[in-house]
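Text of data-v7.cif, listed as mmCIF, C-alpha atoms:
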```cif
data_model
loop_
_atom_site.label_atom_id
_atom_site.label_comp_id
_atom_site.auth_asym_id
_atom_site.auth_seq_id
_atom_site.Cartn_x
_atom_site.Cartn_y
_atom_site.Cartn_z
CA MET A 1 -14.89 23.99 -16.31
CA GLN A 2 -12.72 26.50 -18.18
CA LYS A 3 -9.06 26.51 -19.19
CA GLU A 4 -8.29 29.15 -16.59
CA ASP A 5 -9.64 26.81 -13.90
CA LEU A 6 -7.16 24.11 -14.89
CA VAL A 7 -4.32 26.68 -14.95
CA TYR A 8 -5.30 27.72 -11.42
CA PHE A 9 -5.41 24.09 -10.23
CA ARG A 10 -1.94 23.37 -11.62
CA ARG A 11 -0.51 26.46 -9.96
CA TRP A 12 -2.18 25.65 -6.63
CA PHE A 13 -0.89 22.07 -6.73
CA PHE A 14 2.76 23.09 -7.12
CA GLU A 15 2.45 25.84 -4.52
CA TYR A 16 0.97 23.27 -2.13
CA VAL A 17 3.68 20.60 -2.60
CA ASN A 18 6.41 23.25 -2.37
CA ARG A 19 5.08 24.17 1.07
CA LEU A 20 5.69 20.61 2.18
CA PHE A 21 9.43 20.48 1.38
CA SER A 22 11.21 18.25 3.92
CA PRO A 23 14.85 18.39 5.07
CA ASP A 24 14.65 14.61 5.52
CA SER A 25 16.14 13.24 2.27
CA PHE A 26 14.10 10.01 2.39
CA ILE A 27 10.82 11.88 2.82
CA GLN A 28 11.71 14.44 0.16
CA GLU A 29 12.70 11.71 -2.30
CA ASN A 30 9.28 10.12 -1.95
CA LEU A 31 7.44 13.44 -2.15
CA GLU A 32 9.23 14.17 -5.43
CA LEU A 33 8.41 10.67 -6.62
CA LYS A 34 4.72 11.45 -6.09
CA ILE A 35 4.99 14.81 -7.85
CA GLU A 36 6.49 13.06 -10.87
CA HIS A 37 3.88 10.30 -10.63
CA THR A 38 1.11 12.91 -10.67
CA GLY A 39 2.48 14.47 -13.85
CA ARG A 40 2.60 11.14 -15.63
CA VAL A 41 -0.91 10.16 -14.49
CA CYS A 42 -2.11 13.47 -15.97
CA GLU A 43 -0.46 12.49 -19.27
CA ASN A 44 -1.92 8.98 -19.11
CA ILE A 45 -5.46 10.12 -18.38
CA LEU A 46 -5.40 12.48 -21.36
CA LEU A 47 -4.21 9.68 -23.64
CA LEU A 48 -7.05 7.47 -22.43
CA ALA A 49 -9.62 10.28 -22.50
CA LYS A 50 -8.75 11.22 -26.07
CA SER A 51 -9.04 7.57 -27.12
CA THR A 52 -12.70 7.74 -26.04
CA LYS A 53 -13.25 10.95 -28.05
CA ILE A 54 -14.77 12.94 -25.18
CA SER A 55 -15.07 16.73 -25.28
CA GLU A 56 -12.34 19.24 -24.41
CA THR A 57 -14.18 20.20 -21.21
CA GLU A 58 -14.37 16.56 -20.16
CA CYS A 59 -10.65 16.15 -20.88
CA MET A 60 -9.96 19.06 -18.54
CA LEU A 61 -12.10 17.44 -15.85
CA ALA A 62 -10.14 14.23 -16.31
CA GLU A 63 -6.84 16.09 -15.92
CA ALA A 64 -8.07 17.83 -12.76
CA ILE A 65 -8.95 14.43 -11.26
CA ALA A 66 -5.49 13.10 -12.12
CA LEU A 67 -3.80 16.22 -10.75
CA PHE A 68 -5.43 15.78 -7.34
CA HIS A 69 -5.89 12.00 -7.15
CA ASP A 70 -2.84 11.46 -4.89
CA LEU A 71 -2.91 14.79 -3.06
CA GLY A 72 -3.25 12.98 0.26
CA ARG A 73 -0.04 11.03 -0.34
CA PHE A 74 2.14 14.02 0.56
CA GLU A 75 0.81 14.61 4.07
CA GLN A 76 0.50 10.85 4.52
CA PHE A 77 4.19 10.22 3.88
CA ILE A 78 5.40 13.19 5.92
CA LYS A 79 3.40 12.00 8.93
CA TYR A 80 3.74 8.22 8.66
CA LYS A 81 6.64 7.57 6.23
CA THR A 82 4.56 4.94 4.44
CA PHE A 83 2.27 4.70 1.42
CA ARG A 84 0.33 1.83 3.02
CA ASP A 85 -3.13 3.17 3.87
CA SER A 86 -3.86 0.40 6.40
CA GLU A 87 -0.91 1.57 8.52
CA SER A 88 -1.64 5.29 8.18
CA GLU A 89 -4.70 6.92 6.58
CA ASN A 90 -6.73 6.37 3.44
CA HIS A 91 -4.84 8.72 1.13
CA ALA A 92 -7.85 9.26 -1.15
CA ILE A 93 -10.06 10.42 1.73
CA LEU A 94 -7.20 12.55 3.06
CA GLY A 95 -6.87 14.22 -0.35
CA VAL A 96 -10.59 14.98 -0.45
CA LYS A 97 -10.37 16.53 3.02
CA ILE A 98 -7.49 18.77 1.94
CA LEU A 99 -9.33 19.94 -1.18
CA ASN A 100 -12.41 20.73 0.88
CA LYS A 101 -10.46 22.49 3.62
CA GLU A 102 -8.55 24.64 1.10
CA ARG A 103 -11.71 25.19 -1.01
CA VAL A 104 -9.64 24.52 -4.11
CA LEU A 105 -12.59 23.41 -6.26
CA SER A 106 -15.05 26.08 -5.11
CA ARG A 107 -14.68 27.95 -8.41
CA LEU A 108 -16.40 25.05 -10.23
CA SER A 109 -20.07 24.16 -10.41
CA GLY A 110 -21.36 21.89 -7.66
CA GLU A 111 -21.75 19.04 -10.16
CA GLU A 112 -18.15 19.28 -11.38
CA GLU A 113 -16.75 19.65 -7.87
CA ASN A 114 -18.62 16.59 -6.65
CA LEU A 115 -17.53 14.57 -9.70
CA ILE A 116 -13.85 15.30 -9.06
CA LEU A 117 -14.06 14.60 -5.33
CA LYS A 118 -15.94 11.31 -5.77
CA ALA A 119 -13.62 10.07 -8.56
CA ILE A 120 -10.66 10.75 -6.24
CA GLU A 121 -12.41 9.01 -3.34
CA TYR A 122 -13.05 5.89 -5.44
CA HIS A 123 -9.73 5.65 -7.28
CA ASN A 124 -8.02 3.38 -4.71
CA LEU A 125 -10.95 1.13 -3.80
CA MET A 126 -10.95 -2.55 -4.74
CA GLU A 127 -13.95 -1.74 -6.92
CA ILE A 128 -16.20 1.19 -7.72
CA PRO A 129 -19.22 1.19 -5.34
CA GLU A 130 -22.28 -0.61 -6.68
CA ASN A 131 -24.48 2.44 -6.16
CA VAL A 132 -22.60 4.34 -8.90
CA GLU A 133 -24.68 4.01 -12.07
CA THR A 134 -22.68 2.40 -14.87
CA CYS A 135 -23.95 4.92 -17.40
CA SER A 136 -23.04 7.93 -15.25
CA LYS A 137 -20.22 10.43 -15.76
CA LEU A 138 -18.85 9.50 -12.35
CA TYR A 139 -18.54 5.85 -13.35
CA PHE A 140 -16.70 6.82 -16.54
CA PHE A 141 -14.22 9.17 -14.84
CA SER A 142 -13.66 6.79 -11.92
CA ARG A 143 -12.64 4.06 -14.38
CA LEU A 144 -10.48 6.52 -16.27
CA ILE A 145 -8.41 7.58 -13.24
CA ARG A 146 -8.04 3.99 -12.02
CA ASP A 147 -6.51 2.97 -15.36
CA ALA A 148 -4.30 6.05 -15.69
CA ASP A 149 -2.98 5.51 -12.16
CA LYS A 150 -2.26 1.82 -12.70
CA ILE A 151 -0.27 2.48 -15.87
CA ASP A 152 2.23 4.68 -14.08
CA ILE A 153 2.52 2.55 -10.94
CA LEU A 154 3.31 -0.42 -13.19
CA ARG A 155 5.88 1.72 -15.02
CA LEU A 156 7.53 2.71 -11.76
CA ALA A 157 7.50 -0.87 -10.49
CA SER A 158 9.02 -2.27 -13.68
CA GLU A 159 11.85 0.27 -13.54
CA GLU A 160 12.43 -0.39 -9.84
CA TYR A 161 12.71 -4.14 -10.40
CA ALA A 162 15.08 -3.68 -13.33
CA GLU A 163 17.52 -1.87 -11.04
CA GLU A 164 17.70 -4.09 -7.96
CA GLY A 165 20.35 -1.94 -6.31
CA ARG A 166 18.03 1.09 -6.34
CA ARG A 167 15.28 -0.42 -4.19
CA ASN A 168 12.93 2.02 -2.44
CA PRO A 169 11.47 0.19 0.59
CA ALA A 170 8.50 2.56 0.73
CA LEU A 171 7.33 1.35 -2.69
CA GLU A 172 7.50 -2.26 -1.47
CA LEU A 173 5.51 -1.28 1.64
CA TYR A 174 8.49 -2.38 3.79
CA LEU A 175 7.79 -6.07 3.17
CA PRO A 176 10.69 -8.59 3.30
CA ASP A 177 12.44 -9.99 0.24
CA ALA A 178 11.45 -13.57 1.12
CA GLN A 179 10.86 -16.58 -1.12
CA GLY A 180 7.54 -17.94 -2.35
CA TYR A 181 4.06 -16.45 -2.69
CA SER A 182 1.09 -16.12 -0.37
CA GLU A 183 -1.59 -18.66 -1.26
CA PRO A 184 -4.51 -16.15 -1.18
CA ILE A 185 -2.67 -13.94 -3.70
CA VAL A 186 -2.16 -16.87 -6.09
CA SER A 187 -5.75 -18.04 -5.66
CA GLU A 188 -7.21 -14.62 -6.53
CA ILE A 189 -5.08 -14.39 -9.67
CA LEU A 190 -6.04 -17.87 -10.89
CA ASN A 191 -9.67 -16.80 -10.47
CA ASN A 192 -9.10 -13.61 -12.51
CA ARG A 193 -9.50 -11.31 -9.53
CA MET A 194 -7.36 -8.53 -8.14
CA ALA A 195 -5.27 -9.59 -5.16
CA ARG A 196 -5.79 -7.88 -1.81
CA ILE A 197 -3.16 -5.72 -0.11
CA GLY A 198 -3.88 -7.36 3.26
CA ASP A 199 -2.77 -10.76 1.88
CA MET A 200 0.72 -9.59 0.96
CA LYS A 201 3.54 -11.12 3.01
CA ASN A 202 6.67 -10.44 0.96
CA ARG A 203 8.09 -8.56 -2.01
CA ASN A 204 7.02 -11.22 -4.51
CA ASP A 205 3.43 -10.77 -3.36
CA VAL A 206 3.70 -7.04 -4.10
CA LYS A 207 4.74 -7.87 -7.66
CA LEU A 208 1.87 -10.31 -8.10
CA LEU A 209 -0.64 -7.86 -6.67
CA ARG A 210 0.41 -5.26 -9.23
CA LEU A 211 0.20 -7.80 -12.04
CA SER A 212 -3.31 -8.74 -10.85
CA TRP A 213 -4.45 -5.24 -11.74
CA ILE A 214 -4.96 -6.44 -15.32
CA PHE A 215 -8.25 -7.88 -14.05
CA ASP A 216 -9.45 -4.34 -13.32
CA ILE A 217 -8.51 -2.61 -16.59
CA ASN A 218 -11.38 -0.65 -18.12
CA PHE A 219 -10.31 0.74 -21.51
CA PRO A 220 -8.81 -0.97 -24.58
CA ALA A 221 -6.25 1.86 -24.86
CA THR A 222 -4.89 0.89 -21.43
CA TYR A 223 -4.12 -2.65 -22.58
CA SER A 224 -2.49 -1.25 -25.71
CA LEU A 225 -0.25 1.09 -23.70
CA LEU A 226 0.76 -1.63 -21.24
CA LYS A 227 1.66 -3.94 -24.10
CA GLU A 228 3.56 -1.21 -25.95
CA TYR A 229 5.59 -0.23 -22.87
CA GLY A 230 6.25 -3.81 -21.72
CA TYR A 231 5.62 -3.09 -18.03
CA LEU A 232 3.82 -6.37 -17.29
CA GLU A 233 6.53 -8.46 -18.93
CA ALA A 234 9.25 -6.60 -17.03
CA ILE A 235 7.57 -7.34 -13.70
CA MET A 236 7.03 -11.00 -14.62
CA THR A 237 10.70 -11.31 -15.57
CA SER A 238 11.72 -10.08 -12.11
CA LEU A 239 9.92 -12.99 -10.39
CA PRO A 240 11.86 -16.13 -9.37
CA GLU A 241 12.05 -18.96 -11.90
CA THR A 242 9.82 -21.54 -10.22
CA LYS A 243 7.07 -23.94 -11.29
CA GLU A 244 4.48 -21.72 -9.61
CA THR A 245 5.78 -18.67 -11.47
CA GLY A 246 5.44 -20.56 -14.74
CA ILE A 247 1.80 -21.36 -13.99
CA LEU A 248 1.08 -17.74 -13.13
CA ARG A 249 2.89 -16.47 -16.22
CA ARG A 250 0.83 -18.73 -18.51
CA HIS A 251 -2.36 -17.64 -16.77
CA PHE A 252 -1.58 -13.97 -17.31
CA GLU A 253 -0.58 -14.60 -20.93
CA ASN A 254 -3.76 -16.57 -21.67
CA TYR A 255 -5.91 -13.86 -20.11
CA LEU A 256 -4.23 -11.07 -22.09
CA ASN A 257 -4.41 -13.11 -25.32
CA ALA A 258 -8.14 -13.63 -24.76
CA ILE A 259 -8.62 -9.89 -24.19
CA GLU A 260 -6.68 -9.06 -27.34
CA SER A 261 -8.59 -11.65 -29.35
CA GLY A 262 -11.90 -10.24 -28.11
CA ALA A 263 -10.85 -6.73 -29.12
CA ARG A 264 -9.97 -7.93 -32.62
CA ASP A 265 -13.32 -9.71 -32.95
CA CYS A 266 -15.17 -6.51 -31.94
CA LYS A 267 -13.26 -4.47 -34.53
CA SER A 268 -14.06 -6.97 -37.28
CA LYS A 269 -17.82 -6.80 -36.71
CA PRO A 270 -19.81 -4.47 -38.98
#
```
Full structure transcribed into structure tokens:
Amino acid sequence: MQKEDLVYFRRWFFEYVNRLFSPDSFIQENLELKIEHTGRVCENILLLAKSTKISETECMLAEAIALFHDLGRFEQFIKYKTFRDSESENHAILGVKILNKERVLSRLSGEEENLILKAIEYHNLMEIPENVETCSKLYFFSRLIRDADKIDILRLASEEYAEEGRRNPALELYLPDAQGYSEPIVSEILNNRMARIGDMKNRNDVKLLRLSWIFDINFPATYSLLKEYGYLEAIMTSLPETKETGILRRHFENYLNAIESGARDCKSKP
């Protein structure tokens, strides 16, 4: 992959989203939200990539993956007015279809094209498929985009919850602002597992699901950025002050402290 390829991809992306301009203010607001999200995920993935000291070519591949990772979100929202894949289409698969139809990546080698398409396809799965070799480039880039994406969604969520009057129902997947938590969500968290979208019943569950993403973080730099920006703490603060919330807060804190302690121990070893 060359620099001119990345320049072409950036230009194509903005030409594509400009074609989708909607006179519906709610749709357009959410399309612009995804354009801005894409830009920040590109920034995040470069921060993470550089922390791993990969080559310039590999950094460009990472940015291309980030640039196109949510391409399917635009058509998805125009058609269904939701970001919930289960009620519309799998936005990752939709993005891959668009890239193939438009032959956007045809200027790359077959290996690079397949890497980008597969990393996009896997970025929203509960976990990377078992058949992907852990030592492969695909495994590395799939983990990279998953972390870069999570960082910005957590940023957006923390800002949304800090300004309660500016609620965007599409980001909460149109779930009600009801009390309590769904038991399956709590159970997954207490077992250090990501919660499942299908178990969400209310807005509090959405917050917990996003917090549960810490159990699927892949790079030390991601933890460092989340701690520096305070996104996790901001989301926790927005939860109701209940006994159950206190238990969950302590569980998250203990988990993150253990991760941080493990990182320090690794650094201290010769």
Exercise for review: Name the residues in contact with Trp12 in chain A at a cut-off of 12 Å, using all atoms listed in the file, excluding same-chain residues fewer than 2 positions from it; report them as number ranges by chain.
Suggested key: A: 5-10, 14-19, 64, 67-68, 71, 99, 102-105
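What separates CA of Ser55 in chain A from CA of Asp149 in chain A is a distance of 21.1 Å.
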Fewer than 4 positions away in the same chain doesn't count, so skip those; otherwise give me all residues within 10 Å of range 87-90 of chain A, counting all atoms listed in the file, as a ChimeraX atom specification.
/A:72-73,75-77,79-83,94-95,121,124-125,173
Once 4 Å is added on each side, what are the centre and the three edge lengths, in Å to one decimal, of the axis-aligned box enclosing the listed atoms of range 37-46 of chain A? Present them as JSON.
```
{"center_x": -0.8, "center_y": 11.7, "center_z": -16.0, "size_x": 17.3, "size_y": 13.5, "size_z": 18.7}
```
What does the PyMOL selection byres ((chain A and resi 117) around 10) select in this file, as number ranges by chain? A: 65, 68-69, 92-93, 95-97, 99-100, 105, 112-116, 118-122, 138
Spell out the residues picked by the PyMOL selection byres ((chain A and resi 29) around 12) here, as an mmCIF file with C-alpha atoms, keeping the file's coordinate frame.
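The resulting file, expr12.cif, is reproduced below:
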```
data_model
loop_
_atom_site.group_PDB
_atom_site.id
_atom_site.type_symbol
_atom_site.label_atom_id
_atom_site.label_comp_id
_atom_site.auth_asym_id
_atom_site.auth_seq_id
_atom_site.Cartn_x
_atom_site.Cartn_y
_atom_site.Cartn_z
ATOM 1 C CA PHE A 21 9.430 20.480 1.380
ATOM 2 C CA SER A 22 11.210 18.250 3.920
ATOM 3 C CA PRO A 23 14.850 18.390 5.070
ATOM 4 C CA ASP A 24 14.650 14.610 5.520
ATOM 5 C CA SER A 25 16.140 13.240 2.270
ATOM 6 C CA PHE A 26 14.100 10.010 2.390
ATOM 7 C CA ILE A 27 10.820 11.880 2.820
ATOM 8 C CA GLN A 28 11.710 14.440 0.160
ATOM 9 C CA ASN A 30 9.280 10.120 -1.950
ATOM 10 C CA LEU A 31 7.440 13.440 -2.150
ATOM 11 C CA GLU A 32 9.230 14.170 -5.430
ATOM 12 C CA LEU A 33 8.410 10.670 -6.620
ATOM 13 C CA LYS A 34 4.720 11.450 -6.090
ATOM 14 C CA ILE A 35 4.990 14.810 -7.850
ATOM 15 C CA GLU A 36 6.490 13.060 -10.870
ATOM 16 C CA PHE A 74 2.140 14.020 0.560
ATOM 17 C CA PHE A 77 4.190 10.220 3.880
ATOM 18 C CA ILE A 78 5.400 13.190 5.920
ATOM 19 C CA LYS A 81 6.640 7.570 6.230
ATOM 20 C CA ASN A 168 12.930 2.020 -2.440
ATOM 21 C CA PRO A 169 11.470 0.190 0.590
ATOM 22 C CA ALA A 170 8.500 2.560 0.730
ATOM 23 C CA LEU A 171 7.330 1.350 -2.690
#
```
Closest of A:Lys207, A:Arg84, A:Tyr161, A:Gln2 to Glu56 in chain A, counting all atoms listed in the file, is A:Gln2
What separates CA of His37 in chain A and CA of Ala162 in chain A is a distance of 18.1 Å
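Residues within 8 Å of Leu248 in chain A, counting only C-alpha atoms and excluding same-chain residues fewer than 2 positions away, are Val186, Ile189, Leu190, Glu244, Thr245, Gly246, Arg250, His251 and Phe252 of chain A.
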